[in-house]
$ cat my_file37.cif   # mmCIF, C-alpha atoms and all ligand atoms
data_upload
loop_
_atom_site.label_atom_id
_atom_site.label_comp_id
_atom_site.auth_asym_id
_atom_site.auth_seq_id
_atom_site.Cartn_x
_atom_site.Cartn_y
_atom_site.Cartn_z
CA MET S 1 -30.82 16.16 14.48
CA SER S 2 -30.88 18.01 11.16
CA SER S 3 -32.19 16.15 8.12
CA PHE S 4 -29.78 14.45 5.76
CA GLN S 5 -29.51 12.15 2.77
CA PHE S 6 -27.01 9.39 2.18
CA GLU S 7 -26.03 7.73 -1.09
CA THR S 8 -23.76 4.72 -1.42
CA PRO S 9 -23.28 1.73 -3.75
CA PRO S 10 -26.18 -0.74 -3.60
CA ARG S 11 -23.87 -3.72 -3.18
CA ILE S 12 -20.45 -4.21 -1.61
CA VAL S 13 -18.58 -7.52 -1.76
CA CYS S 14 -15.55 -7.92 0.53
CA GLU S 15 -14.04 -11.30 -0.27
CA ARG S 16 -10.54 -12.57 -0.96
CA GLY S 17 -10.45 -13.85 -4.55
CA ALA S 18 -13.70 -12.13 -5.55
CA ALA S 19 -11.95 -10.60 -8.58
CA LEU S 20 -11.94 -14.12 -10.03
CA ARG S 21 -15.74 -14.32 -10.05
CA LEU S 22 -16.81 -10.91 -11.31
CA ALA S 23 -19.19 -12.44 -13.87
CA SER S 24 -21.18 -14.09 -11.10
CA LEU S 25 -21.42 -10.82 -9.16
CA LEU S 26 -23.32 -9.11 -11.96
CA PRO S 27 -25.06 -11.78 -14.04
CA GLY S 28 -26.28 -11.20 -17.58
CA LEU S 29 -23.27 -9.32 -18.95
CA ARG S 30 -21.98 -10.15 -22.43
CA ARG S 31 -19.34 -7.64 -23.48
CA VAL S 32 -17.17 -6.01 -20.85
CA VAL S 33 -14.42 -3.39 -21.00
CA VAL S 34 -11.77 -3.65 -18.30
CA VAL S 35 -10.31 -0.21 -17.55
CA THR S 36 -6.88 -0.12 -15.92
CA ASP S 37 -3.42 1.46 -16.16
CA PRO S 38 -0.07 0.12 -17.41
CA GLY S 39 1.33 -0.32 -13.88
CA VAL S 40 -1.57 -2.47 -12.77
CA ALA S 41 -1.41 -4.46 -16.02
CA ARG S 42 2.36 -4.92 -15.62
CA ALA S 43 1.86 -6.18 -12.08
CA GLY S 44 -0.21 -8.99 -13.65
CA LEU S 45 -3.34 -8.04 -11.72
CA ILE S 46 -5.76 -8.17 -14.64
CA ASP S 47 -4.61 -11.51 -16.06
CA ALA S 48 -6.57 -13.90 -13.84
CA PRO S 49 -9.72 -11.73 -13.58
CA THR S 50 -9.94 -11.27 -17.38
CA ALA S 51 -9.26 -14.98 -17.97
CA ALA S 52 -12.09 -15.80 -15.56
CA LEU S 53 -14.45 -13.39 -17.35
CA ARG S 54 -13.64 -15.05 -20.70
CA GLU S 55 -14.13 -18.48 -19.18
CA ALA S 56 -17.57 -17.34 -18.05
CA GLY S 57 -18.36 -16.64 -21.72
CA LEU S 58 -17.91 -12.86 -21.82
CA GLN S 59 -16.21 -10.92 -24.57
CA VAL S 60 -13.45 -8.90 -22.89
CA THR S 61 -11.76 -5.73 -24.16
CA VAL S 62 -8.90 -4.32 -22.09
CA PHE S 63 -8.17 -0.59 -22.03
CA ASP S 64 -4.89 -0.31 -20.10
CA ARG S 65 -3.80 3.22 -20.97
CA VAL S 66 -5.18 5.15 -17.99
CA GLU S 67 -2.78 7.81 -16.68
CA ALA S 68 -2.54 9.25 -13.16
CA ASP S 69 -4.93 12.16 -12.66
CA PRO S 70 -6.64 11.03 -15.88
CA PRO S 71 -6.37 13.60 -18.69
CA GLU S 72 -9.56 14.31 -20.64
CA GLN S 73 -8.15 12.75 -23.80
CA VAL S 74 -7.48 9.42 -22.09
CA VAL S 75 -11.06 9.34 -20.80
CA LEU S 76 -12.39 10.05 -24.29
CA ASP S 77 -10.13 7.37 -25.84
CA ALA S 78 -11.32 4.80 -23.31
CA ALA S 79 -14.96 5.68 -23.91
CA ARG S 80 -14.44 5.29 -27.66
CA ALA S 81 -12.88 1.85 -27.11
CA ALA S 82 -15.95 0.84 -25.09
CA ARG S 83 -18.35 2.09 -27.78
CA GLU S 84 -16.40 0.34 -30.54
CA ALA S 85 -16.50 -2.90 -28.57
CA GLY S 86 -20.27 -2.60 -28.13
CA ALA S 87 -19.73 -3.01 -24.39
CA ASP S 88 -22.66 -3.48 -22.02
CA SER S 89 -20.50 -3.19 -18.93
CA VAL S 90 -17.31 -1.74 -17.48
CA VAL S 91 -14.96 -3.15 -14.86
CA GLY S 92 -12.66 -0.58 -13.27
CA LEU S 93 -9.66 -2.43 -11.86
CA GLY S 94 -6.85 -0.36 -10.38
CA GLY S 95 -6.24 2.71 -8.28
CA GLY S 96 -8.40 5.81 -8.19
CA SER S 97 -7.20 6.90 -11.62
CA SER S 98 -8.52 3.70 -13.20
CA LEU S 99 -11.76 3.71 -11.20
CA ASP S 100 -12.49 7.36 -12.03
CA THR S 101 -11.86 6.68 -15.72
CA ALA S 102 -14.09 3.59 -15.60
CA LYS S 103 -16.96 5.65 -14.18
CA LEU S 104 -16.82 8.09 -17.05
CA VAL S 105 -16.43 5.32 -19.62
CA ALA S 106 -19.61 3.68 -18.31
CA LEU S 107 -21.39 7.01 -18.68
CA LEU S 108 -19.92 8.39 -21.92
CA ALA S 109 -20.25 5.11 -23.81
CA ALA S 110 -24.01 5.06 -23.21
CA THR S 111 -25.12 8.68 -23.15
CA PRO S 112 -25.10 11.33 -25.87
CA GLN S 113 -23.86 14.05 -23.48
CA PRO S 114 -20.28 15.18 -24.18
CA LEU S 115 -17.79 15.21 -21.28
CA ALA S 116 -17.49 19.00 -21.42
CA ASP S 117 -21.21 19.31 -20.60
CA ILE S 118 -21.26 17.17 -17.46
CA TYR S 119 -18.59 18.73 -15.22
CA GLY S 120 -19.99 19.77 -11.86
CA PRO S 121 -22.71 18.31 -9.67
CA GLY S 122 -25.82 16.64 -11.06
CA ARG S 123 -25.35 17.45 -14.76
CA ALA S 124 -25.13 13.90 -16.11
CA THR S 125 -28.47 12.44 -17.14
CA GLY S 126 -27.38 8.91 -18.06
CA PRO S 127 -27.99 6.17 -18.88
CA ARG S 128 -24.75 4.34 -18.22
CA LEU S 129 -23.36 0.86 -18.78
CA ARG S 130 -23.29 -1.60 -15.87
CA LEU S 131 -20.32 -0.87 -13.62
CA LEU S 132 -18.17 -2.97 -11.27
CA GLN S 133 -15.35 -1.30 -9.39
CA VAL S 134 -12.37 -3.23 -8.03
CA PRO S 135 -9.86 -1.03 -6.19
CA THR S 136 -6.20 -2.10 -6.04
CA THR S 137 -5.11 0.78 -3.80
CA ALA S 138 -6.48 1.75 -0.39
CA GLY S 139 -7.02 4.49 -1.31
CA THR S 140 -9.25 6.93 -2.85
CA GLY S 141 -12.48 5.16 -1.93
CA SER S 142 -13.53 5.99 -5.48
CA GLU S 143 -15.51 2.72 -5.59
CA ALA S 144 -17.97 4.35 -3.18
CA THR S 145 -18.04 7.95 -4.40
CA PRO S 146 -20.17 9.67 -7.05
CA THR S 147 -17.16 11.68 -8.25
CA ALA S 148 -14.70 11.32 -11.12
CA VAL S 149 -11.78 13.76 -11.26
CA VAL S 150 -10.30 14.65 -14.65
CA SER S 151 -7.30 16.82 -15.61
CA THR S 152 -8.20 19.38 -18.26
CA PRO S 153 -5.66 20.77 -20.76
CA ASP S 154 -5.60 24.13 -18.87
CA HIS S 155 -4.10 22.49 -15.72
CA GLN S 156 -7.36 22.24 -13.86
CA LYS S 157 -8.78 19.21 -12.10
CA ARG S 158 -12.49 19.11 -12.71
CA GLY S 159 -15.03 16.75 -11.24
CA VAL S 160 -18.09 15.05 -12.65
CA ILE S 161 -20.40 14.44 -9.71
CA SER S 162 -23.48 12.28 -10.14
CA PRO S 163 -25.09 9.33 -8.33
CA LEU S 164 -24.86 7.61 -11.72
CA LEU S 165 -21.14 7.22 -11.01
CA LEU S 166 -21.75 4.93 -8.04
CA PRO S 167 -21.09 1.36 -9.23
CA ASP S 168 -23.57 -1.51 -9.27
CA VAL S 169 -21.05 -3.49 -7.23
CA ALA S 170 -17.91 -2.46 -5.33
CA VAL S 171 -15.54 -5.40 -4.91
CA LEU S 172 -12.87 -5.46 -2.19
CA ASP S 173 -10.38 -8.24 -2.92
CA ALA S 174 -7.34 -7.76 -0.69
CA THR S 175 -5.29 -10.30 -2.65
CA LEU S 176 -4.96 -7.67 -5.39
CA THR S 177 -3.22 -5.22 -3.06
CA THR S 178 -0.40 -7.28 -1.53
CA GLY S 179 2.08 -6.17 -4.23
CA LEU S 180 1.45 -2.45 -3.81
CA PRO S 181 4.89 -0.90 -3.12
CA PRO S 182 5.46 0.60 0.37
CA ALA S 183 5.58 4.22 -0.84
CA VAL S 184 2.30 3.93 -2.78
CA THR S 185 0.75 2.10 0.18
CA ALA S 186 1.72 4.98 2.47
CA MET S 187 0.59 7.77 0.13
CA THR S 188 -2.74 6.21 -0.72
CA GLY S 189 -3.29 5.27 2.93
CA VAL S 190 -2.79 8.89 3.98
CA ASP S 191 -5.30 9.94 1.29
CA ALA S 192 -7.86 7.61 2.84
CA MET S 193 -7.16 9.00 6.32
CA VAL S 194 -7.61 12.54 5.03
CA HIS S 195 -10.98 11.54 3.55
CA ALA S 196 -12.09 10.34 6.98
CA ILE S 197 -10.75 13.41 8.79
CA GLU S 198 -12.20 15.92 6.33
CA ALA S 199 -15.59 14.13 6.24
CA TYR S 200 -15.73 14.22 10.05
CA THR S 201 -14.87 17.91 10.25
CA THR S 202 -16.62 19.20 7.12
CA ARG S 203 -18.69 22.35 7.50
CA ARG S 204 -21.42 21.10 5.14
CA LEU S 205 -23.48 17.89 5.11
CA LYS S 206 -21.80 16.22 8.10
CA ASN S 207 -24.30 13.65 9.36
CA PRO S 208 -24.55 10.70 11.79
CA LEU S 209 -23.84 8.07 9.10
CA SER S 210 -20.78 9.86 7.70
CA ASP S 211 -19.53 10.39 11.27
CA ALA S 212 -19.83 6.70 12.17
CA LEU S 213 -18.13 5.64 8.95
CA ALA S 214 -15.34 8.22 9.25
CA VAL S 215 -14.49 7.19 12.82
CA ARG S 216 -14.41 3.48 11.98
CA ALA S 217 -12.43 4.18 8.81
CA LEU S 218 -9.81 6.17 10.69
CA GLN S 219 -9.52 3.49 13.38
CA LEU S 220 -8.88 0.81 10.74
CA LEU S 221 -6.44 2.92 8.75
CA HIS S 222 -4.53 4.17 11.80
CA ALA S 223 -4.15 0.65 13.20
CA HIS S 224 -3.13 -1.08 9.96
CA LEU S 225 -1.18 1.39 7.81
CA PRO S 226 2.19 0.71 9.49
CA ARG S 227 1.74 -3.06 9.00
CA ALA S 228 0.61 -2.70 5.39
CA VAL S 229 3.69 -0.58 4.63
CA ALA S 230 6.18 -2.81 6.46
CA GLN S 231 4.70 -6.18 5.52
CA GLY S 232 2.98 -5.86 2.16
CA ASP S 233 1.79 -9.46 2.05
CA ASP S 234 -0.06 -9.22 5.37
CA LEU S 235 -3.54 -9.95 4.02
CA ASP S 236 -5.33 -9.00 7.22
CA ALA S 237 -3.69 -5.58 7.24
CA ARG S 238 -4.38 -5.13 3.50
CA GLU S 239 -8.03 -6.07 3.92
CA ALA S 240 -8.43 -3.69 6.84
CA MET S 241 -6.89 -0.91 4.73
CA LEU S 242 -9.28 -1.62 1.83
CA LEU S 243 -12.22 -1.60 4.20
CA GLY S 244 -11.03 1.60 5.87
CA SER S 245 -10.61 3.24 2.49
CA LEU S 246 -14.11 2.16 1.42
CA LEU S 247 -15.70 3.43 4.64
CA ALA S 248 -13.87 6.75 4.30
CA GLY S 249 -15.09 6.94 0.69
CA MET S 250 -18.68 6.29 1.79
CA ALA S 251 -18.30 9.05 4.38
CA PHE S 252 -16.82 11.76 2.18
CA ALA S 253 -19.16 10.92 -0.70
CA ASN S 254 -21.86 12.37 1.57
CA ALA S 255 -19.89 14.76 3.79
CA PRO S 256 -17.41 16.32 1.38
CA VAL S 257 -13.68 16.96 1.76
CA ALA S 258 -12.20 20.38 2.33
CA ALA S 259 -9.00 22.47 2.41
CA ILE S 260 -6.44 19.65 2.50
CA HIS S 261 -7.83 18.38 -0.80
CA ALA S 262 -8.27 21.91 -2.16
CA LEU S 263 -4.58 22.70 -1.52
CA ALA S 264 -3.51 19.27 -2.81
CA HIS S 265 -5.27 19.73 -6.16
CA PRO S 266 -2.83 22.27 -7.65
CA LEU S 267 0.14 20.11 -6.60
CA GLY S 268 -1.28 17.39 -8.84
CA SER S 269 -2.41 19.54 -11.73
CA HIS S 270 0.68 21.82 -11.88
CA PHE S 271 3.46 19.51 -10.61
CA HIS S 272 2.12 15.97 -11.14
CA VAL S 273 2.54 15.11 -7.47
CA PRO S 274 0.59 11.86 -6.83
CA HIS S 275 -2.77 12.56 -5.17
CA GLY S 276 -2.03 10.85 -1.85
CA LEU S 277 1.39 12.47 -1.49
CA ALA S 278 -0.09 15.87 -2.33
CA ASN S 279 -2.53 15.47 0.54
CA ALA S 280 0.23 14.31 2.87
CA LEU S 281 2.40 17.36 2.08
CA VAL S 282 -0.25 19.89 3.10
CA MET S 283 -2.05 17.89 5.79
CA LEU S 284 -0.28 19.10 8.93
CA PRO S 285 -0.35 22.84 8.14
CA VAL S 286 -4.09 22.63 7.40
CA LEU S 287 -4.84 20.55 10.52
CA ARG S 288 -3.02 23.15 12.65
CA PHE S 289 -4.78 26.01 10.83
CA ASN S 290 -8.17 24.41 11.58
CA LEU S 291 -7.38 23.65 15.25
CA ASP S 292 -9.11 26.75 16.64
CA VAL S 293 -12.41 25.79 15.03
CA ALA S 294 -12.22 22.01 14.58
CA GLY S 295 -10.26 21.27 17.78
CA PRO S 296 -13.18 19.58 19.59
CA LEU S 297 -13.78 17.30 16.59
CA TYR S 298 -10.08 16.44 16.33
CA ALA S 299 -10.24 15.65 20.05
CA GLN S 300 -13.11 13.20 19.44
CA LEU S 301 -11.10 11.49 16.70
CA ALA S 302 -8.03 11.29 18.94
CA ARG S 303 -10.05 9.61 21.69
CA ALA S 304 -11.44 7.12 19.15
CA LEU S 305 -7.87 6.24 18.12
CA ASP S 306 -6.21 6.15 21.52
CA PRO S 307 -8.20 5.19 24.62
CA ALA S 308 -5.41 6.64 26.78
CA LEU S 309 -6.69 10.07 25.72
CA ARG S 310 -10.15 9.42 27.14
CA ASP S 311 -9.64 11.75 30.07
CA ALA S 312 -7.61 14.40 28.22
CA ASP S 313 -9.27 17.79 27.72
CA ASP S 314 -10.18 18.92 24.23
CA ALA S 315 -7.09 21.08 23.71
CA GLN S 316 -4.72 18.28 24.76
CA ALA S 317 -6.56 15.61 22.76
CA ALA S 318 -6.68 17.80 19.63
CA GLN S 319 -2.92 18.40 19.85
CA ALA S 320 -2.44 14.67 20.35
CA PHE S 321 -4.46 14.04 17.19
CA VAL S 322 -2.15 16.23 15.12
CA ALA S 323 0.82 14.40 16.67
CA LEU S 324 -0.66 10.98 15.77
CA MET S 325 -1.08 12.04 12.15
CA SER S 326 2.40 13.57 12.11
CA ALA S 327 3.83 10.25 13.33
CA HIS S 328 2.25 8.46 10.35
CA LEU S 329 3.97 10.88 7.99
CA ASP S 330 7.31 10.50 9.82
CA ALA S 331 7.14 6.73 9.41
CA ALA S 332 6.08 6.80 5.76
CA PRO S 333 8.68 6.17 3.03
CA MET S 334 7.92 9.35 1.09
CA GLY S 335 8.79 13.04 0.83
CA ARG S 336 7.68 15.33 3.63
CA ARG S 337 8.15 18.81 2.15
CA LEU S 338 7.11 20.58 -1.03
CA GLN S 339 10.81 21.03 -1.78
CA ASP S 340 11.19 17.23 -1.84
CA VAL S 341 8.95 17.15 -4.93
CA GLY S 342 10.73 20.01 -6.73
CA ILE S 343 8.51 22.91 -5.65
CA ALA S 344 10.27 26.18 -4.81
CA GLY S 345 9.27 29.30 -2.91
CA ASP S 346 8.69 31.12 -6.22
CA ASP S 347 5.97 28.63 -7.10
CA LEU S 348 3.84 29.30 -4.04
CA PRO S 349 1.87 32.35 -5.30
CA THR S 350 0.78 30.34 -8.38
CA LEU S 351 -0.26 27.46 -6.15
CA ALA S 352 -2.19 29.74 -3.78
CA ALA S 353 -4.04 31.37 -6.69
CA ALA S 354 -4.83 27.92 -8.13
CA ALA S 355 -6.10 26.66 -4.76
CA MET S 356 -8.59 29.54 -4.69
CA THR S 357 -10.24 28.12 -7.80
CA VAL S 358 -11.12 24.96 -5.84
CA GLN S 359 -13.82 26.90 -4.01
CA ARG S 360 -16.27 23.97 -4.02
CA LEU S 361 -13.92 22.20 -1.56
CA LEU S 362 -12.73 25.28 0.35
CA ASP S 363 -16.38 26.00 1.15
CA ASN S 364 -16.44 22.79 3.21
CA ASN S 365 -13.50 23.76 5.42
CA PRO S 366 -14.34 24.38 9.07
CA ARG S 367 -12.37 27.66 8.91
CA PRO S 368 -12.49 30.04 5.92
CA VAL S 369 -9.31 30.03 3.79
CA SER S 370 -8.23 33.24 2.03
CA GLN S 371 -5.58 33.39 -0.69
CA ALA S 372 -3.16 34.84 1.88
CA ASP S 373 -3.97 31.92 4.20
CA ALA S 374 -3.33 29.44 1.36
CA LEU S 375 0.03 31.09 0.65
CA GLY S 376 0.93 30.81 4.33
CA LEU S 377 -0.09 27.16 4.46
CA TYR S 378 2.02 26.30 1.40
CA ALA S 379 4.93 28.23 2.96
CA GLN S 380 4.67 26.04 6.07
CA ALA S 381 4.68 22.96 3.85
CA LEU S 382 7.72 24.13 1.84
N1 LIG T 401 -13.32 9.67 -7.20
C1 LIG T 401 -12.93 10.05 -6.02
O1 LIG T 401 -13.72 10.20 -5.14
C2 LIG T 401 -11.46 10.30 -5.79
C3 LIG T 401 -10.99 10.53 -4.51
C4 LIG T 401 -9.63 10.74 -4.33
C5 LIG T 401 -8.78 10.70 -5.43
N2 LIG T 401 -9.28 10.49 -6.67
C6 LIG T 401 -8.41 10.40 -7.86
O2 LIG T 401 -7.75 9.15 -7.82
C7 LIG T 401 -6.48 9.27 -8.45
C8 LIG T 401 -5.41 8.73 -7.55
O3 LIG T 401 -5.64 7.36 -7.32
P1 LIG T 401 -4.58 6.45 -6.54
O4 LIG T 401 -3.99 7.24 -5.44
O5 LIG T 401 -5.26 5.18 -6.21
O6 LIG T 401 -3.41 6.23 -7.59
P2 LIG T 401 -3.38 5.68 -9.10
O7 LIG T 401 -4.63 5.05 -9.51
O8 LIG T 401 -2.88 6.81 -9.94
O9 LIG T 401 -2.26 4.55 -8.96
C9 LIG T 401 -0.98 4.88 -8.48
C10 LIG T 401 0.08 3.90 -8.98
O10 LIG T 401 -0.06 2.66 -8.32
C11 LIG T 401 -0.04 1.58 -9.26
N3 LIG T 401 -0.84 0.51 -8.66
C12 LIG T 401 -2.15 0.57 -8.32
N4 LIG T 401 -2.51 -0.57 -7.69
C13 LIG T 401 -1.41 -1.37 -7.65
C14 LIG T 401 -1.15 -2.66 -7.10
N5 LIG T 401 -2.10 -3.34 -6.44
N6 LIG T 401 0.08 -3.17 -7.23
C15 LIG T 401 1.06 -2.47 -7.85
N7 LIG T 401 0.89 -1.23 -8.36
C16 LIG T 401 -0.34 -0.68 -8.26
C17 LIG T 401 -0.59 2.17 -10.52
O11 LIG T 401 -0.17 1.48 -11.66
C18 LIG T 401 -0.04 3.59 -10.47
O12 LIG T 401 1.26 3.61 -11.02
C19 LIG T 401 -6.32 10.74 -8.80
O13 LIG T 401 -6.65 10.91 -10.15
C20 LIG T 401 -7.32 11.43 -7.90
O14 LIG T 401 -7.79 12.65 -8.43
C21 LIG T 401 -10.59 10.27 -6.86
FE FE T 402 -8.39 12.09 -1.90
#
$ encode --input "my_file37.cif" --output "structure tokens"
Amino acid sequence: MSSFQFETPPRIVCERGAALRLASLLPGLRRVVVVTDPGVARAGLIDAPTAALREAGLQVTVFDRVEADPPEQVVLDAARAAREAGADSVVGLGGGSSLDTAKLVALLAATPQPLADIYGPGRATGPRLRLLQVPTTAGTGSEATPTAVVSTPDHQKRGVISPLLLPDVAVLDATLTTGLPPAVTAMTGVDAMVHAIEAYTTRRLKNPLSDALAVRALQLLHAHLPRAVAQGDDLDAREAMLLGSLLAGMAFANAPVAAIHALAHPLGSHFHVPHGLANALVMLPVLRFNLDVAGPLYAQLARALDPALRDADDAQAAQAFVALMSAHLDAAPMGRRLQDVGIAGDDLPTLAAAAMTVQRLLDNNPRPVSQADALGLYAQAL
């Protein structure tokens, strides 16, 4: 076995209602900033948790202006709010956009380094404020990853990557996710599946822990996504989705994602397609493109999902895997083609050129992707 390292949050709490006892999960806090977005606030999800924090004697400031694919300016505004409040801690409560913003708030409110200086891996030196992450989508797995993705004014998505961005506590409280609309459930669920698939097939840093987590994540997500979409208040299905999303996050935090995410990035930064949907739109063309190289790994995943494939040969099982994923997309209440989100054939060269700038993810793909390949993949997704 080749050597490897593995980094993950030091503490994970999976408990229904845990969002009502955040103060007890990280004792000693006095002034907390809750970072969220208007949709989550409107859904009433921060009311009870913030009331409970106040009851526990904490001073609470709410920053509820996070935007999808958080723009730099929003991150800076949130960090300023935390500094002005004299916060000692940050609670991220929401989807990946809120959790990513919360990570950077915890860092930027406590460190003199400007945001522009910390993009890329390992540039942040800290310190940071204490950090609790409470996901309300399942999801990005951001509560278990050392990455925060920010949209820059020049239409790029740039990542800050640092172990400092792992929270002190990740809190999975399924009761927060029962109101997630079916379309968002489906999109974010596909994102989580793609994390598991790309972690399992990544060319770099794949390791026995990420493999075990990715397989279990995909089993949970595959088995429970249809129920979570059809029956939003099914707490067992919601909890399984949150757990699957966390496990996939733990996996890809250490065995990084690849071409599906690289091709999805420009859809978000140029056309504001939600992250999960962007992944869903390019997933099948990339899976098929990778089949020649990653087929045996897809076959292993297929057998883990469907015992009936135990005796199938690799080629059959790999094809069956693509079909299983395709069935999830068919059943999901969301667009299937780039044209469904307003993208036209004329846009594809721009997208292919933009995808080439996401080299840090393309490098992880089992099969090399040229600009011509990217153009072809987008054309298949059109
Ligand atoms: N850090 C990482 O490792 C990582 C990984 C993947 C994606 N991301 C980032 O995460 C972001 C996407 O996150 P996301 O897909 O979770 O979407 P999101 O955070 O943008 O939320 C999507 C929508 O769902 C609403 N919402 C969230 N939870 C809800 C709930 N329980 N009930 C009702 N409405 C709810 C929000 O208000 C929002 O309108 C992107 O910025 C992406 O770049 C980060
Ligand atoms: Fe993702």
$ residues_near_ligand --input "my_file37.cif" --ligand "ligand LIG 401 (chain T)" --cutoff "7 Å" --atoms "all atoms listed in the file" --output "ChimeraX atom specification"
/S:37-40,43,67-70,94-98,100,136-142,145-150,176-181,184,188,249,274-276
$ closest_residue --input "my_file37.cif" --among "S:Leu242, S:Leu301, S:Leu131, S:Val32" --to "Tyr200 in chain S" --atoms "all atoms listed in the file"
S:Leu301
$ closest_residue --input "my_file37.cif" --among "S:Lys157, S:His328, S:Arg204, S:Lys103" --to "Pro366 in chain S" --atoms "all atoms listed in the file"
S:Arg204
$ atom_distance --input "my_file37.cif" --atom1 "CA of Gln380 in chain S" --atom2 "CA of Ala258 in chain S"
18.2 Å
$ residues_near_point --input "my_file37.cif" --point "(-16.4, -10.8, 0.1)" --cutoff "8 Å" --atoms "only C-alpha atoms" --output "PDB file with C-alpha atoms, in the coordinates of the input"
ATOM      1  CA  ILE S  12     -20.450  -4.210  -1.610  1.00  0.00           C
ATOM      2  CA  VAL S  13     -18.580  -7.520  -1.760  1.00  0.00           C
ATOM      3  CA  CYS S  14     -15.550  -7.920   0.530  1.00  0.00           C
ATOM      4  CA  GLU S  15     -14.040 -11.300  -0.270  1.00  0.00           C
ATOM      5  CA  ARG S  16     -10.540 -12.570  -0.960  1.00  0.00           C
ATOM      6  CA  ALA S  18     -13.700 -12.130  -5.550  1.00  0.00           C
ATOM      7  CA  VAL S 171     -15.540  -5.400  -4.910  1.00  0.00           C
ATOM      8  CA  LEU S 172     -12.870  -5.460  -2.190  1.00  0.00           C
ATOM      9  CA  ASP S 173     -10.380  -8.240  -2.920  1.00  0.00           C
TER      10      ASP S 173
END
$ residues_around --input "my_file37.cif" --residues "Ala248 in chain S" --least-positions-apart "2" --cutoff "8 Å" --atoms "all atoms listed in the file" --output "list in words"
Gly141, Ala192, Met193, His195, Ala196, Ala199, Leu213, Ala214, Ala217, Leu218, Gly244, Ser245, Leu246, Met250, Ala251 and Phe252 of chain S
$ atom_distance --input "my_file37.cif" --atom1 "CA of His155 in chain S" --atom2 "CA of Ala183 in chain S"
25.5 Å
$ atom_distance --input "my_file37.cif" --atom1 "CA of Gln5 in chain S" --atom2 "CA of Pro256 in chain S"
12.9 Å
$ closest_residue --input "my_file37.cif" --among "S:Ala374, S:Ile161, S:Leu235, S:Met241" --to "Phe289 in chain S" --atoms "all atoms listed in the file"
S:Ala374
$ residues_near_point --input "my_file37.cif" --point "(-10.5, -6.6, -14.6)" --cutoff "7 Å" --atoms "only C-alpha atoms" --output "list in words"
Val34, Ile46, Pro49, Thr50, Val91, Gly92 and Leu93 of chain S
$ residues_around --input "my_file37.cif" --residues "Ala51 in chain S" --least-positions-apart "5" --cutoff "12 Å" --atoms "all atoms listed in the file" --output "JSON, numbers by chain"
{"S": [19, 20, 21, 22, 23, 34, 44, 45, 46, 56, 57, 58, 59, 60, 61, 62]}
$ residues_around --input "my_file37.cif" --residues "Ala264 in chain S" --least-positions-apart "6" --cutoff "10 Å" --atoms "only C-alpha atoms" --output "PyMOL selection string"
chain S and resi 273-283+351+355+358+378
